[in-house]
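With PDB, C-alpha atoms inside, this is upload12.pdb:
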```pdb
ATOM      1  CA  MET F   8     -31.391  68.592  40.428
ATOM      2  CA  GLN F   9     -29.975  65.692  42.386
ATOM      3  CA  GLN F  10     -32.499  63.353  40.786
ATOM      4  CA  ALA F  11     -31.473  64.515  37.292
ATOM      5  CA  PHE F  12     -27.803  64.091  38.195
ATOM      6  CA  ALA F  13     -28.492  60.547  39.457
ATOM      7  CA  GLN F  14     -30.328  59.678  36.261
ATOM      8  CA  HIS F  15     -27.466  61.071  34.172
ATOM      9  CA  THR F  16     -24.932  59.072  36.205
ATOM     10  CA  THR F  17     -26.995  55.908  35.834
ATOM     11  CA  HIS F  18     -27.235  56.491  32.090
ATOM     12  CA  ASN F  19     -23.446  56.963  31.814
ATOM     13  CA  ASP F  20     -22.819  53.776  33.803
ATOM     14  CA  SER F  21     -25.177  51.871  31.501
ATOM     15  CA  VAL F  22     -23.403  53.179  28.410
ATOM     16  CA  ALA F  23     -20.022  52.329  29.904
ATOM     17  CA  THR F  24     -21.203  48.821  30.741
ATOM     18  CA  THR F  25     -22.537  48.360  27.209
ATOM     19  CA  VAL F  26     -19.273  49.586  25.685
ATOM     20  CA  SER F  27     -17.287  47.338  28.001
ATOM     21  CA  ASP F  28     -19.423  44.325  27.072
ATOM     22  CA  THR F  29     -19.022  45.145  23.382
ATOM     23  CA  ILE F  30     -15.239  45.353  23.734
ATOM     24  CA  ASP F  31     -15.179  42.074  25.658
ATOM     25  CA  ASN F  32     -17.298  40.397  23.000
ATOM     26  CA  ASP F  33     -15.094  41.740  20.217
ATOM     27  CA  SER F  34     -12.000  40.542  22.061
ATOM     28  CA  ALA F  35     -13.517  37.094  22.527
ATOM     29  CA  MET F  36     -14.428  36.884  18.843
ATOM     30  CA  ALA F  37     -10.922  37.985  17.903
ATOM     31  CA  VAL F  38      -9.460  35.221  20.056
ATOM     32  CA  ILE F  39     -11.808  32.638  18.502
ATOM     33  CA  ASP F  40     -10.937  33.814  14.980
ATOM     34  CA  ALA F  41      -7.243  33.582  15.805
ATOM     35  CA  ASP F  42      -7.697  30.049  17.109
ATOM     36  CA  LEU F  43      -9.621  29.008  14.011
ATOM     37  CA  ASN F  44      -6.988  30.495  11.742
ATOM     38  CA  ALA F  45      -4.304  28.639  13.660
ATOM     39  CA  MET F  46      -6.222  25.379  13.198
ATOM     40  CA  ASP F  47      -6.761  25.992   9.465
ATOM     41  CA  PRO F  48      -3.593  24.941   7.580
ATOM     42  CA  THR F  49      -4.665  26.875   4.454
ATOM     43  CA  ALA F  50      -4.932  30.166   6.375
ATOM     44  CA  GLN F  51      -1.221  30.263   7.108
ATOM     45  CA  GLY F  52      -0.003  30.954   3.642
ATOM     46  CA  GLY F  53       0.073  27.724   1.640
ATOM     47  CA  GLY F  54       1.417  24.304   2.439
ATOM     48  CA  GLY F  55      -1.962  22.817   3.311
ATOM     49  CA  LEU F  56      -1.962  19.094   4.048
ATOM     50  CA  HIS F  57       1.737  18.731   3.249
ATOM     51  CA  LYS F  58       2.667  21.377   5.818
ATOM     52  CA  MET F  59       0.397  19.829   8.446
ATOM     53  CA  LEU F  60       1.856  16.339   7.896
ATOM     54  CA  LYS F  61       5.368  17.744   8.091
ATOM     55  CA  GLN F  62       4.546  19.444  11.390
ATOM     56  CA  LYS F  63       3.019  16.265  12.851
ATOM     57  CA  PHE F  64       5.996  14.257  11.605
ATOM     58  CA  ILE F  65       8.359  16.509  13.557
ATOM     59  CA  GLU F  66       6.138  16.465  16.635
ATOM     60  CA  GLY F  67       6.027  12.670  16.612
ATOM     61  CA  SER F  68       9.737  12.293  17.384
ATOM     62  CA  ALA F  69      11.943  12.418  14.292
ATOM     63  CA  GLY F  70      13.753   9.203  15.219
ATOM     64  CA  PHE F  71      10.757   6.882  15.271
ATOM     65  CA  MET F  72       8.884   8.738  12.539
ATOM     66  CA  SER F  73      11.936   8.345  10.281
ATOM     67  CA  LEU F  74      11.827   4.585  10.842
ATOM     68  CA  VAL F  75       8.120   4.508   9.978
ATOM     69  CA  ALA F  76       8.783   6.581   6.842
ATOM     70  CA  LEU F  77      11.645   4.245   5.906
ATOM     71  CA  ALA F  78       9.294   1.254   6.231
ATOM     72  CA  LEU F  79       6.817   3.014   3.922
ATOM     73  CA  ILE F  80       9.460   3.848   1.292
ATOM     74  CA  ALA F  81      11.031   0.383   1.307
ATOM     75  CA  GLY F  82       7.641  -1.350   1.254
ATOM     76  CA  LEU F  83       6.436   0.792  -1.655
ATOM     77  CA  ALA F  84       9.652   0.054  -3.558
ATOM     78  CA  PHE F  85       8.998  -3.695  -3.327
ATOM     79  CA  CYS F  86       5.328  -3.171  -4.210
ATOM     80  CA  ILE F  87       6.116  -1.113  -7.310
ATOM     81  CA  GLU F  88       8.721  -3.647  -8.477
ATOM     82  CA  ARG F  89       6.249  -6.544  -8.112
ATOM     83  CA  ILE F  90       3.415  -4.638  -9.799
ATOM     84  CA  LEU F  91       5.615  -3.785 -12.784
ATOM     85  CA  TYR F  92       6.886  -7.374 -13.053
ATOM     86  CA  LEU F  93       3.406  -8.888 -12.873
ATOM     87  CA  THR F  94       1.894  -6.326 -15.239
ATOM     88  CA  LEU F  95       4.568  -7.047 -17.859
ATOM     89  CA  SER F  96       3.937 -10.781 -17.373
ATOM     90  CA  GLU F  97       0.290 -10.527 -18.401
ATOM     91  CA  ILE F  98      -0.517 -11.537 -21.982
ATOM     92  CA  ASN F  99      -3.484 -12.637 -24.043
ATOM     93  CA  ALA F 100      -3.230 -16.318 -23.114
ATOM     94  CA  LYS F 101      -6.150 -17.409 -25.305
ATOM     95  CA  LYS F 102      -4.576 -15.880 -28.411
ATOM     96  CA  LEU F 103      -1.232 -17.512 -27.594
ATOM     97  CA  LEU F 104      -2.831 -20.952 -27.216
ATOM     98  CA  LYS F 105      -4.770 -20.458 -30.445
ATOM     99  CA  ASP F 106      -1.545 -19.610 -32.319
ATOM    100  CA  ILE F 107       0.224 -22.629 -30.795
ATOM    101  CA  ASP F 108      -2.661 -24.908 -31.782
ATOM    102  CA  GLU F 109      -2.525 -23.609 -35.360
ATOM    103  CA  ARG F 110       1.197 -24.353 -35.595
ATOM    104  CA  LEU F 111       0.742 -27.810 -34.112
ATOM    105  CA  THR F 112      -2.031 -28.500 -36.616
ATOM    106  CA  ALA F 113       0.390 -27.449 -39.359
ATOM    107  CA  ASN F 114       3.041 -29.786 -37.840
ATOM    108  CA  ASP F 115       5.242 -26.780 -37.045
ATOM    109  CA  ILE F 116       6.653 -27.668 -33.617
ATOM    110  CA  GLU F 117       9.657 -25.406 -34.009
ATOM    111  CA  GLY F 118       7.428 -22.488 -34.980
ATOM    112  CA  ALA F 119       5.355 -23.047 -31.838
ATOM    113  CA  LYS F 120       8.524 -23.126 -29.723
ATOM    114  CA  THR F 121       9.776 -19.927 -31.334
ATOM    115  CA  LEU F 122       6.439 -18.247 -30.644
ATOM    116  CA  CYS F 123       6.676 -19.185 -26.954
ATOM    117  CA  ARG F 124      10.299 -18.027 -26.675
ATOM    118  CA  GLU F 125       9.440 -14.636 -28.153
ATOM    119  CA  THR F 126       6.457 -14.129 -25.832
ATOM    120  CA  ARG F 127       7.047 -12.806 -22.327
ATOM    121  CA  GLY F 128       5.460 -14.084 -19.144
ATOM    122  CA  PRO F 129       4.998 -17.332 -17.218
ATOM    123  CA  VAL F 130       2.189 -18.598 -19.479
ATOM    124  CA  ALA F 131       4.478 -18.639 -22.495
ATOM    125  CA  SER F 132       7.222 -20.270 -20.406
ATOM    126  CA  ILE F 133       4.841 -23.035 -19.334
ATOM    127  CA  CYS F 134       3.834 -23.677 -22.931
ATOM    128  CA  TYR F 135       7.470 -23.735 -24.045
ATOM    129  CA  GLN F 136       8.312 -26.350 -21.406
ATOM    130  CA  GLY F 137       5.413 -28.482 -22.592
ATOM    131  CA  LEU F 138       6.562 -28.269 -26.195
ATOM    132  CA  LEU F 139      10.104 -29.215 -25.201
ATOM    133  CA  HIS F 140       8.769 -32.507 -23.786
ATOM    134  CA  GLN F 141       6.191 -33.134 -26.516
ATOM    135  CA  LYS F 142       7.685 -36.543 -27.390
ATOM    136  CA  GLU F 143       7.101 -37.838 -23.851
ATOM    137  CA  PRO F 144       3.807 -39.386 -22.628
ATOM    138  CA  LEU F 145       1.054 -36.943 -21.726
ATOM    139  CA  ASP F 146       1.133 -37.778 -18.018
ATOM    140  CA  GLN F 147       4.854 -37.049 -17.957
ATOM    141  CA  ILE F 148       4.281 -33.743 -19.746
ATOM    142  CA  ASP F 149       1.594 -32.858 -17.208
ATOM    143  CA  ARG F 150       4.013 -33.606 -14.372
ATOM    144  CA  GLN F 151       6.669 -31.403 -15.968
ATOM    145  CA  LEU F 152       4.204 -28.554 -16.352
ATOM    146  CA  THR F 153       3.119 -28.861 -12.708
ATOM    147  CA  ASN F 154       6.714 -28.729 -11.462
ATOM    148  CA  TYR F 155       7.635 -25.831 -13.707
ATOM    149  CA  GLY F 156       4.447 -24.004 -12.710
ATOM    150  CA  SER F 157       5.543 -24.132  -9.066
ATOM    151  CA  VAL F 158       8.816 -22.492 -10.059
ATOM    152  CA  GLN F 159       6.976 -19.729 -11.910
ATOM    153  CA  ILE F 160       4.679 -19.077  -8.956
ATOM    154  CA  SER F 161       7.732 -18.771  -6.691
ATOM    155  CA  ASN F 162       9.191 -16.219  -9.094
ATOM    156  CA  MET F 163       5.967 -14.215  -9.036
ATOM    157  CA  GLU F 164       5.889 -14.220  -5.225
ATOM    158  CA  LYS F 165       9.515 -13.112  -4.927
ATOM    159  CA  GLY F 166       9.763 -10.063  -2.666
ATOM    160  CA  CYS F 167       6.265 -10.495  -1.199
ATOM    161  CA  SER F 168       7.739 -11.703   2.088
ATOM    162  CA  TRP F 169       9.498  -8.338   2.456
ATOM    163  CA  ILE F 170       6.242  -6.504   1.824
ATOM    164  CA  LYS F 171       4.594  -8.539   4.590
ATOM    165  CA  PHE F 172       7.541  -7.710   6.845
ATOM    166  CA  PHE F 173       7.113  -3.954   6.352
ATOM    167  CA  ILE F 174       3.340  -4.260   6.840
ATOM    168  CA  ALA F 175       4.021  -5.798  10.243
ATOM    169  CA  ALA F 176       6.993  -3.534  11.052
ATOM    170  CA  ALA F 177       5.231  -0.184  10.508
ATOM    171  CA  PRO F 178       2.572  -0.506  13.254
ATOM    172  CA  SER F 179       5.116  -2.255  15.491
ATOM    173  CA  LEU F 180       7.380   0.782  15.236
ATOM    174  CA  GLY F 181       4.366   2.983  15.964
ATOM    175  CA  PHE F 182       3.522   0.963  19.079
ATOM    176  CA  LEU F 183       7.159   1.121  20.151
ATOM    177  CA  GLY F 184       6.978   4.903  19.873
ATOM    178  CA  THR F 185       3.789   4.762  21.952
ATOM    179  CA  VAL F 186       5.505   2.829  24.727
ATOM    180  CA  ILE F 187       8.516   5.143  24.715
ATOM    181  CA  GLY F 188       6.253   8.212  24.745
ATOM    182  CA  MET F 189       4.467   6.838  27.797
ATOM    183  CA  VAL F 190       7.788   6.156  29.513
ATOM    184  CA  ILE F 191       8.872   9.749  28.804
ATOM    185  CA  ALA F 192       5.615  11.051  30.251
ATOM    186  CA  PHE F 193       5.948   9.009  33.438
ATOM    187  CA  ASP F 194       9.613  10.001  33.843
ATOM    188  CA  ARG F 195       8.635  13.652  33.700
ATOM    189  CA  ILE F 196       5.837  13.094  36.204
ATOM    190  CA  GLN F 197       8.312  11.385  38.542
ATOM    191  CA  THR F 198      10.875  14.170  38.143
ATOM    192  CA  ALA F 199       8.351  16.954  38.670
ATOM    193  CA  GLY F 200       6.476  15.168  41.432
ATOM    194  CA  ASP F 201       3.237  16.459  39.991
ATOM    195  CA  ILE F 202       0.691  15.213  37.443
ATOM    196  CA  SER F 203      -0.130  18.157  35.238
ATOM    197  CA  PRO F 204      -1.402  18.257  31.621
ATOM    198  CA  THR F 205       1.669  20.185  30.518
ATOM    199  CA  ILE F 206       4.050  17.525  31.769
ATOM    200  CA  VAL F 207       2.084  14.589  30.333
ATOM    201  CA  ALA F 208       1.013  16.192  27.038
ATOM    202  CA  GLU F 209       4.284  15.976  25.095
ATOM    203  CA  GLY F 210       4.906  12.307  25.844
ATOM    204  CA  MET F 211       1.313  11.400  25.038
ATOM    205  CA  LYS F 212       1.461  13.334  21.767
ATOM    206  CA  VAL F 213       4.561  11.401  20.659
ATOM    207  CA  ALA F 214       2.835   8.158  21.611
ATOM    208  CA  LEU F 215      -0.352   8.859  19.649
ATOM    209  CA  ILE F 216       1.256  10.367  16.540
ATOM    210  CA  THR F 217       3.701   7.487  16.030
ATOM    211  CA  THR F 218       0.875   4.965  16.420
ATOM    212  CA  ILE F 219      -1.343   6.774  13.919
ATOM    213  CA  PHE F 220       1.378   7.042  11.275
ATOM    214  CA  GLY F 221       2.416   3.411  11.782
ATOM    215  CA  ILE F 222      -1.157   2.192  11.200
ATOM    216  CA  ILE F 223      -1.555   4.434   8.140
ATOM    217  CA  VAL F 224       1.648   3.042   6.590
ATOM    218  CA  ALA F 225       0.500  -0.531   7.248
ATOM    219  CA  LEU F 226      -2.871   0.150   5.600
ATOM    220  CA  ILE F 227      -1.222   1.645   2.497
ATOM    221  CA  LEU F 228       1.139  -1.303   2.088
ATOM    222  CA  GLN F 229      -1.666  -3.797   2.771
ATOM    223  CA  PHE F 230      -3.707  -2.308  -0.078
ATOM    224  CA  PHE F 231      -0.848  -2.734  -2.566
ATOM    225  CA  TYR F 232      -0.065  -6.214  -1.210
ATOM    226  CA  ASN F 233      -3.640  -7.375  -1.795
ATOM    227  CA  TYR F 234      -3.496  -5.935  -5.318
ATOM    228  CA  ILE F 235      -0.295  -7.902  -5.958
ATOM    229  CA  LEU F 236      -1.895 -11.105  -4.646
ATOM    230  CA  SER F 237      -4.841 -10.613  -6.993
ATOM    231  CA  LYS F 238      -2.469 -10.326  -9.952
ATOM    232  CA  ILE F 239      -0.594 -13.470  -8.880
ATOM    233  CA  GLU F 240      -3.877 -15.376  -8.582
ATOM    234  CA  HIS F 241      -4.919 -14.194 -12.051
ATOM    235  CA  LEU F 242      -1.626 -15.299 -13.619
ATOM    236  CA  THR F 243      -1.739 -18.623 -11.769
ATOM    237  CA  SER F 244      -5.221 -19.249 -13.126
ATOM    238  CA  GLN F 245      -4.017 -18.398 -16.642
ATOM    239  CA  MET F 246      -1.106 -20.824 -16.267
ATOM    240  CA  GLU F 247      -3.407 -23.669 -15.167
ATOM    241  CA  GLU F 248      -5.863 -23.078 -17.996
ATOM    242  CA  SER F 249      -3.041 -22.805 -20.529
ATOM    243  CA  ALA F 250      -1.447 -26.036 -19.301
ATOM    244  CA  ILE F 251      -4.746 -27.888 -19.741
ATOM    245  CA  SER F 252      -5.257 -26.389 -23.212
ATOM    246  CA  LEU F 253      -1.684 -27.275 -24.219
ATOM    247  CA  ILE F 254      -2.122 -30.893 -23.065
ATOM    248  CA  ASP F 255      -5.258 -31.135 -25.209
ATOM    249  CA  ALA F 256      -3.443 -29.635 -28.214
ATOM    250  CA  LEU F 257      -0.503 -32.022 -27.795
ATOM    251  CA  SER F 258      -2.904 -34.932 -27.445
ATOM    252  CA  LYS F 259      -4.513 -34.082 -30.786
ATOM    253  CA  TYR F 260      -1.073 -33.585 -32.318
ATOM    254  CA  LYS F 261       0.073 -37.044 -31.153
ATOM    255  CA  GLN F 262      -3.074 -38.671 -32.505
ATOM    256  CA  GLN F 263      -2.490 -37.097 -35.919
ATOM    257  CA  HIS F 264       1.213 -37.871 -36.237
ATOM    258  CA  ASP F 265       1.771 -41.103 -34.330
TER     259      ASP F 265
END
```

Show the structure stored in the file as structure tokens.
Amino acid sequence: MQQAFAQHTTHNDSVATTVSDTIDNDSAMAVIDADLNAMDPTAQGGGGLHKMLKQKFIEGSAGFMSLVALALIAGLAFCIERILYLTLSEINAKKLLKDIDERLTANDIEGAKTLCRETRGPVASICYQGLLHQKEPLDQIDRQLTNYGSVQISNMEKGCSWIKFFIAAAPSLGFLGTVIGMVIAFDRIQTAGDISPTIVAEGMKVALITTIFGIIVALILQFFYNYILSKIEHLTSQMEESAISLIDALSKYKQQHD
């Protein structure tokens, strides 16, 4: 009887242990699921990446993150303005030079000038300047085109210095936030007299988030800046080729009518 009772007690203890382990496992899985849901921005009812960026923006100290965001907005404004200006300045330079050559062959200088005035962009402006000085020697015309080309290149590069400034300013502001975050962390350590993760964590988080956002802003602006430089190089190449073609056309025109 006692042996049967002992076996029954042992069996009950085993069942209780199994149930307890099952409950513990379920509780652990519930905690893990909760943690995963907290890490997943889409599991919290919309927002996604936008909500996560907004949260990190607030955590990174609104003061410095606002300066980084301001650098991004101002830099993008200059980039968009330059891209629009350079895009509108692009034309079919070969067609323009062909039309000018046809008018010069027909002894229609004024028609060629009118064509250049009605065409947008630095290439047409270069050609118009050459036609204005068509009575001068070719070397003098070439000198005029070179000088005027420098002016056009300066106009195309207008505002690029500000873009470079914001490219440099964004990571600098991020590094400044890093330094200030470290100072905050060390001040709290000094005040508390203890180095604990809780005390250091907030200052370190501010430091890292501001640095990350500053570098991201710089990379975005650098991409657009390189795109702008490629457009300026393309237009500069078009201007040089058009100047050479115009000199050749004026040379033939002088030979025919002098």

- Message: Using only C-alpha atoms, which protein or nucleic acid residues come within 8 Å of Thr185 in chain F? Drop anything in the same chain fewer than 2 positions from it, and give the result as a PyMOL selection string.
- Response: chain F and resi 181-183+187-189+211+213-215+217-218

For the residues in the current selection, export C-alpha atoms as a compact mmCIF listing (two decimals), keeping the file's coordinate frame.
```
# COMPACT_ATOMS: atom_id res chain seq x y z
CA GLY F 181 4.37 2.98 15.96
CA PHE F 182 3.52 0.96 19.08
CA LEU F 183 7.16 1.12 20.15
CA ILE F 187 8.52 5.14 24.72
CA GLY F 188 6.25 8.21 24.74
CA MET F 189 4.47 6.84 27.80
CA MET F 211 1.31 11.40 25.04
CA VAL F 213 4.56 11.40 20.66
CA ALA F 214 2.84 8.16 21.61
CA LEU F 215 -0.35 8.86 19.65
CA THR F 217 3.70 7.49 16.03
CA THR F 218 0.88 4.96 16.42
```

Selection under test: the PyMOL selection byres ((chain F and resi 233) around 12); residues as a compact mmCIF listing (two decimals) with C-alpha atoms, in the coordinates of the input:
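The result, stored in result36.txt:
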```
# COMPACT_ATOMS: atom_id res chain seq x y z
CA CYS F 86 5.33 -3.17 -4.21
CA ARG F 89 6.25 -6.54 -8.11
CA ILE F 90 3.42 -4.64 -9.80
CA CYS F 167 6.26 -10.50 -1.20
CA ILE F 170 6.24 -6.50 1.82
CA LYS F 171 4.59 -8.54 4.59
CA ILE F 174 3.34 -4.26 6.84
CA LEU F 226 -2.87 0.15 5.60
CA ILE F 227 -1.22 1.64 2.50
CA LEU F 228 1.14 -1.30 2.09
CA GLN F 229 -1.67 -3.80 2.77
CA PHE F 230 -3.71 -2.31 -0.08
CA PHE F 231 -0.85 -2.73 -2.57
CA TYR F 232 -0.06 -6.21 -1.21
CA TYR F 234 -3.50 -5.94 -5.32
CA ILE F 235 -0.30 -7.90 -5.96
CA LEU F 236 -1.90 -11.10 -4.65
CA SER F 237 -4.84 -10.61 -6.99
CA LYS F 238 -2.47 -10.33 -9.95
CA ILE F 239 -0.59 -13.47 -8.88
CA GLU F 240 -3.88 -15.38 -8.58
```

With 10 Å as the threshold, what does the neighbourhood of (11.3, 1.3, 10.6) contain in terms of residues, counting only C-alpha atoms? Coordinates are those of the file; answer as a compact mmCIF listing (two decimals) with C-alpha atoms, keeping the file's coordinate frame.
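Just written: result.txt:
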```txt
# COMPACT_ATOMS: atom_id res chain seq x y z
CA GLY F 70 13.75 9.20 15.22
CA PHE F 71 10.76 6.88 15.27
CA MET F 72 8.88 8.74 12.54
CA SER F 73 11.94 8.35 10.28
CA LEU F 74 11.83 4.58 10.84
CA VAL F 75 8.12 4.51 9.98
CA ALA F 76 8.78 6.58 6.84
CA LEU F 77 11.64 4.24 5.91
CA ALA F 78 9.29 1.25 6.23
CA LEU F 79 6.82 3.01 3.92
CA ILE F 80 9.46 3.85 1.29
CA ALA F 81 11.03 0.38 1.31
CA PHE F 173 7.11 -3.95 6.35
CA ALA F 176 6.99 -3.53 11.05
CA ALA F 177 5.23 -0.18 10.51
CA PRO F 178 2.57 -0.51 13.25
CA SER F 179 5.12 -2.26 15.49
CA LEU F 180 7.38 0.78 15.24
CA GLY F 181 4.37 2.98 15.96
CA GLY F 221 2.42 3.41 11.78
```

Any chance you could work out the residue set of the PyMOL selection byres ((chain F and resi 128) around 10) here, as a compact mmCIF listing (two decimals) with C-alpha atoms, in the coordinates of the input?
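What ended up in part22.txt:
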```txt
# COMPACT_ATOMS: atom_id res chain seq x y z
CA TYR F 92 6.89 -7.37 -13.05
CA LEU F 93 3.41 -8.89 -12.87
CA THR F 94 1.89 -6.33 -15.24
CA LEU F 95 4.57 -7.05 -17.86
CA SER F 96 3.94 -10.78 -17.37
CA GLU F 97 0.29 -10.53 -18.40
CA ILE F 98 -0.52 -11.54 -21.98
CA ALA F 100 -3.23 -16.32 -23.11
CA CYS F 123 6.68 -19.18 -26.95
CA ARG F 124 10.30 -18.03 -26.68
CA GLU F 125 9.44 -14.64 -28.15
CA THR F 126 6.46 -14.13 -25.83
CA ARG F 127 7.05 -12.81 -22.33
CA PRO F 129 5.00 -17.33 -17.22
CA VAL F 130 2.19 -18.60 -19.48
CA ALA F 131 4.48 -18.64 -22.50
CA SER F 132 7.22 -20.27 -20.41
CA ILE F 133 4.84 -23.04 -19.33
CA GLN F 159 6.98 -19.73 -11.91
CA LEU F 242 -1.63 -15.30 -13.62
CA MET F 246 -1.11 -20.82 -16.27
```

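Using all atoms listed in the file, the shortest contact distance between Leu138 in chain F and any of F:Thr153, F:Ser168, F:Ser244, F:Thr121 is found at F:Thr121.
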
- Given the file shown, determine the residues that the PyMOL selection byres ((chain F and resi 104) around 12) selects; report them as JSON, numbers by chain. {"F": [98, 99, 100, 101, 102, 103, 105, 106, 107, 108, 109, 110, 111, 119, 120, 122, 123, 126, 130, 131, 133, 134, 135, 138, 245, 246, 248, 249, 250, 251, 252, 253, 254, 255, 256, 257]}

- What is the CA of Glu143 in chain F to CA of Gln263 in chain F distance in Å? 15.4 Å

- Can you work out the spacing between CA of Tyr155 in chain F and CA of Phe172 in chain F in Å, to one decimal? 27.4 Å

- Query: Could you state the separation of CA of Glu247 in chain F and CA of Gly137 in chain F in Å, given to one decimal place?
  - Reply: 12.5 Å

- Item | Closest of F:Leu91, F:Ala175, F:Met163, F:Ala84 to Ile223 in chain F - atom-to-atom distances counting only C-alpha atoms |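 Nearest to Ile223 in chain F: F:Ala175.
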
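Distance annotation: of F:Ile160, F:Arg150, F:Val224, F:Ile216, the residue with the minimal separation from Gly184 in chain F is F:Ile216; atom set is all atoms listed in the file.
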